[in-house]
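Novice: Below you'll find the structure I mean.
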Amino acid sequence: MNSDLAAQVRDVLDVDVSEFRAQAQADAEVVKNELRDGTFDNHRSIIGLEYEFYAVADGRWRRGSDDEGTGAELVRVPRRLLELIRFEKELGLHNAEMTTSPQPLNADGLRAQAAGVRSHLSSALQTTRTEGMRLVSDGIWTIPPSGETARGYLTDSVEDEGIRIATNMTDAVRYHAMANGPNTPTPFTVDAPHVTLEADTVMPESLITSIQPHYQVPHASDLPIYHNYALRIAGPLLALGVNSPFFPPDLYDDGVDPETVVDDARAENRIFVFESVLNSDDARKVRFPDDLDSVAEAVDRVANDPTVVPMPVDRGDRFDDKFATLRRKHGTFWRWVRPVFDGADRSSANARIEFRPIAAQPTVRDSMSFMATFAGLMESLPRHEHPVIGQDWSVARENFYAAARDGLASEQRWITNGGEETTDSEVMYEDVLSHAVEGLKNAGCSADEAASYVEPLRARIDAGLTPAGWKRERVRDKVTDGAALSTAVPAMQRTYVDEQTETLLDGTFAEWW
């Protein structure tokens with residue numbers, strides 16, 4: 001299998017980069033012409049969601065046992081099992097991804113999204129349980145597979161005639177090609193306080209998982225407005241959703257004081273892992289994007305982005321096969337907010353915003369709350385010409401990275417509906433969430449229904465607690481009592497999985513405290 005995969009990677013590396021780039025730019029002209037013709041206009045808002053999980057050993061067998069030092073170990077998901085539960089492959093063998101069917105942004109569409117996620121996930125949990133594993137919704141895993149170290153799992157690889165193949169990576173050619181191309185970082189490193197990790201492949205990126213709400217804009221020419229508003233709300237929403245403060249303990253430097261690790265832990269290490277692993281001096285592929293001035297500029301950014309994996313493209317009879325190389329290039333166009341142009345036929349052609357800052361959340365309802373809140377804000381802020389659009393881009397960017405570092409303690413800067421600047425989080429979130437509710441009401445939700453979608457986020461604000469804060473409290477309690485990180489972090493993680501087992505489908509994070 002490795003030899004076949006290595007041969008496919010060689011074929012990819014033989015693709016002429018300049019020819020690939022030229023074809024992507026030609027495809028960009030096709031898309032821009034279709035945009036001018038109105039092909040990507042739909043006259044309604046549509047929502048969708050990508051939802052990532054990782055798999056752990058089902059800990060039910062531990063019940064009644066005095067051994068609290070086992071359970072929730074990472075496990076590899078058999079490919080046949082992924083097909084059975086109709087989940088998609090992601091980077092690591094432990095990953096599984098659910099993609100929902102797009103729905104109109106209205107009351108029924110939101111209900112359909114929530115019901116679809118619960119139904120699909122409930123069925124998957126029943127199936128995986130018989131295999132001794134459980135899917136977990138979380139920002140980062142911290143307990144490696146039984147009998148292995150996290151460092152070994154993330155760095156293990158083999159070489160086949162000069163091609164490096166990660167042992168625990170999905171057998172997707174583009175993932176492995178990223179480790180072997182001429183424009184990729186060498187080595188791939190993780191940037192985090194007191195953590196040292198280098199690998200020959202992109203496998204360290206498989207530490208992290210996320211949710212990615214999609215918002216399809218009604219009129220494609222307005223995409224820059226939605227994009228620029230999304231940049232302004234990225235920091236405030238990220239601050240509420242932080243969920244990855246700790247790494248597997250064996251990745252921390254030897255001799256580091258556990259209390260120092262807790263004190264210095266960033267609230268959302270997922271942001272920094274993705275950027276540090278996949279960026280290089282020559283290609284900053286993952287970053288907070290600049291404002292957009294036009295929809296044509298959005299297309300050109302994808303076409304002109306540095307090429308990492310110039311994979312060959314087969315063109316068929318679908319509408320989006322007319323710009324297949326540009327679509328392929330978009331697969332490595334990693335921005336925290338990014339535009340997408342897609343559609344199997346002209347009638348389904350769409351322009352949408354992918355909102356990528358939010359980690360996978362403790363429960364389905366919490367994840368749906370972020371999707372609904374994002375959609376409500378996209379519906380409301382442009383409609384009301386909210387003045388936060390005038391916030392300087394550099395402030396929005398600093399808000400984003402401050403949120404990743406410090407979560408709710410990051411003192412986000414905001415411009416209220418009245419045009420006043422504030423760092424008062426209570427004032428900011430009242431403005432943000434009231435606009436989200438208003439947007440959902442405009443989309444057809446009742447006042448009570450709109451408020452219920454946003455309520456899980458209000459609960460976090462009222463309590464001053466995020467999932468990252470919850471994790472930090474538990475690890476801090478353990479290390480204060482003298483526990484090592486190798487004890488404190490897994491103990492927290494097992495409690496996280498246990499709490500989620502009871503609340504994932506029908507509860508909220510607020511029930512955990």
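Here's how to read the names in the structure tokens: chain A, B, ... by the order shown, residue numbers from 1 in each chain, ligand numbers from 1 in the order shown.
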Excluding region 108-115 of chain A and its own-chain neighbours fewer than 4 positions away, which residues fall within 8 Å of it when counting only C-alpha atoms? Please give them as a list in words.

Specialist: Ile47, Gly48, Thr100, Ser101, Gln103, Pro104, Ser119, Val364, Arg365, Met368 and Ala372 of chain A

Novice: Could you pull the residues within 9 Å of Asp300 (chain A), counting only C-alpha atoms, minus those fewer than 6 positions along the same chain, as a PyMOL selection string?

Specialist: chain A and resi 25+28-29

Novice: Quick one: residues within 8 Å of Gln412 (chain A), only C-alpha atoms counted, chain neighbours fewer than 6 positions away excluded, as a list in words?

Specialist: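 What passes the distance filter is Gly235, Pro236, Asn399, Ala402, Ala403, Thr423, Asp424 and Ser425 of chain A.
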
Novice: Output C-alpha atoms for every residue in that selection, as a PDB file, in the first residue's frame.

Specialist:
```pdb
ATOM      1  CA  GLY A 235     -12.370  37.537  17.413  1.00  0.00           C
ATOM      2  CA  PRO A 236     -15.503  37.842  19.582  1.00  0.00           C
ATOM      3  CA  ASN A 399      -8.798  40.748  18.297  1.00  0.00           C
ATOM      4  CA  ALA A 402      -5.830  37.893  21.318  1.00  0.00           C
ATOM      5  CA  ALA A 403      -8.913  35.663  21.508  1.00  0.00           C
ATOM      6  CA  THR A 423     -13.666  47.011  25.343  1.00  0.00           C
ATOM      7  CA  ASP A 424     -16.487  46.185  27.754  1.00  0.00           C
ATOM      8  CA  SER A 425     -17.236  42.531  26.992  1.00  0.00           C
TER       9      SER A 425
END
```

Novice: With distances taken over only C-alpha atoms, which residue among A:Pro289, A:Gly181, A:Pro310, A:Gly343 lies nearest Ser18 (chain A)?

Specialist: A:Pro310

Novice: Need the shell around Ser367 (chain A): protein/DNA/RNA residues with any atom at most 12 Å away, counting only C-alpha atoms. Skip same-chain ones fewer than 3 positions apart. Format as a ChimeraX atom specification?

Specialist: /A:49-52,113-114,117-118,137-139,210-213,237,240-241,243,358-364,370-374,453-457,504-509

Novice: Looking at only C-alpha atoms, which of A:Gly69, A:Glu511, A:Asp366, A:Leu135 is the one that sits closest to Leu82 (chain A)?

Specialist: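 Once distances to Leu82 (chain A) are computed over only C-alpha atoms, the minimum belongs to A:Leu135.
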
Novice: Please identify all polymer residues within 7 Å of Pro258 (chain A), counting only C-alpha atoms, omitting same-chain residues fewer than 3 positions from it, and present them as a PDB file with C-alpha atoms, in the first residue's frame.

Specialist:
```pdb
ATOM      1  CA  VAL A 261       2.336  25.166  31.707  1.00  0.00           C
ATOM      2  CA  VAL A 262      -1.135  25.924  33.058  1.00  0.00           C
ATOM      3  CA  VAL A 479      -1.262  20.213  39.582  1.00  0.00           C
ATOM      4  CA  ALA A 484       2.290  15.770  37.170  1.00  0.00           C
ATOM      5  CA  LEU A 485       1.033  16.854  33.753  1.00  0.00           C
TER       6      LEU A 485
END
```

Novice: As a PyMOL selection string, which residues of region 123-308 of chain A does DSSP assign to alpha helix (DSSP H)?

Specialist: chain A and resi 123-130+150-155+173-177+223-241+258-264+269-278+295-304

Novice: As a PyMOL selection string, please: the residues near Ala298 (chain A) (cut-off 10 Å, only C-alpha atoms, same-chain neighbours under 6 positions excluded).

Specialist: chain A and resi 28+32+223-224+227+291-292+338-341

Novice: When DSSP works through the backbone of this structure, what residues of region 141-284 of chain A end up as strand (DSSP E or B), shown as a list of chain:residue names?

Specialist: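 Checking each residue of region 141-284 of chain A, the strand (DSSP E or B) ones are A:Ser157, A:Val158, A:Glu159, A:Asp160, A:Ile163, A:Arg164, A:Ile165, A:Ala166, A:Met169, A:Phe188, A:Thr189, A:Ala192, A:Val195, A:Glu198, A:Ala199, A:Ile208, A:Ser210, A:Ile211, A:Gln212, A:Pro213, A:His214, A:Tyr215, A:Gln216, A:Ser244, A:Tyr252, A:Glu268.
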
Novice: Which residues are close to Pro193 (chain A), i.e. within 10 Å by only C-alpha atoms, leaving aside same-chain residues fewer than 6 positions away? Reply as a ChimeraX atom specification.

Specialist: /A:252-253,260-261,264-266,269

Novice: Give the answer as one residue: which of A:Val309, A:Val302, A:Leu465, A:Val432 has the shortest atom-to-atom distance to Arg327 (chain A), using only C-alpha atoms?

Specialist: A:Val302

Novice: Could you check which of A:Met428, A:Ala447, A:Ala6, A:Ala483 is closest to Ile461 (chain A), using only C-alpha atoms?

Specialist: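 Among A:Met428, A:Ala447, A:Ala6, A:Ala483, it is A:Met428 that comes nearest to Ile461 (chain A).
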
Novice: When distances are computed from only C-alpha atoms, which of A:Ala22, A:Asp41, A:Trp470, A:Tyr153 shows the smallest separation from Asp342 (chain A)?

Specialist: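 Looking only at the distances to Asp342 (chain A), the closest residue turns out to be A:Asp41.
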
Novice: Once you count only C-alpha atoms, what closest atom pair and distance in Å to one decimal does each residue of region 110-204 of chain A within 10 Å of region 311-325 of chain A have, with rows by chain and rising residue number, as JSON lines?

Specialist:
```
{"residue": "A:Val173", "atom": "CA", "partner": "A:Met311", "partner_atom": "CA", "distance": 8.9}
{"residue": "A:Arg174", "atom": "CA", "partner": "A:Met311", "partner_atom": "CA", "distance": 7.4}
{"residue": "A:Ala177", "atom": "CA", "partner": "A:Met311", "partner_atom": "CA", "distance": 8.8}
```

Novice: With distances taken over only C-alpha atoms, which of A:Ala107, A:Ala72, A:Phe87, A:Met203 is nearest to Glu449 (chain A)?

Specialist: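 Going through A:Ala107, A:Ala72, A:Phe87, A:Met203 one by one, the smallest distance to Glu449 (chain A) is for A:Ala107.
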
Novice: So what do you get for CA of Gln126 (chain A) versus CA of Met169 (chain A), distance-wise?

Specialist: 25.2 Å
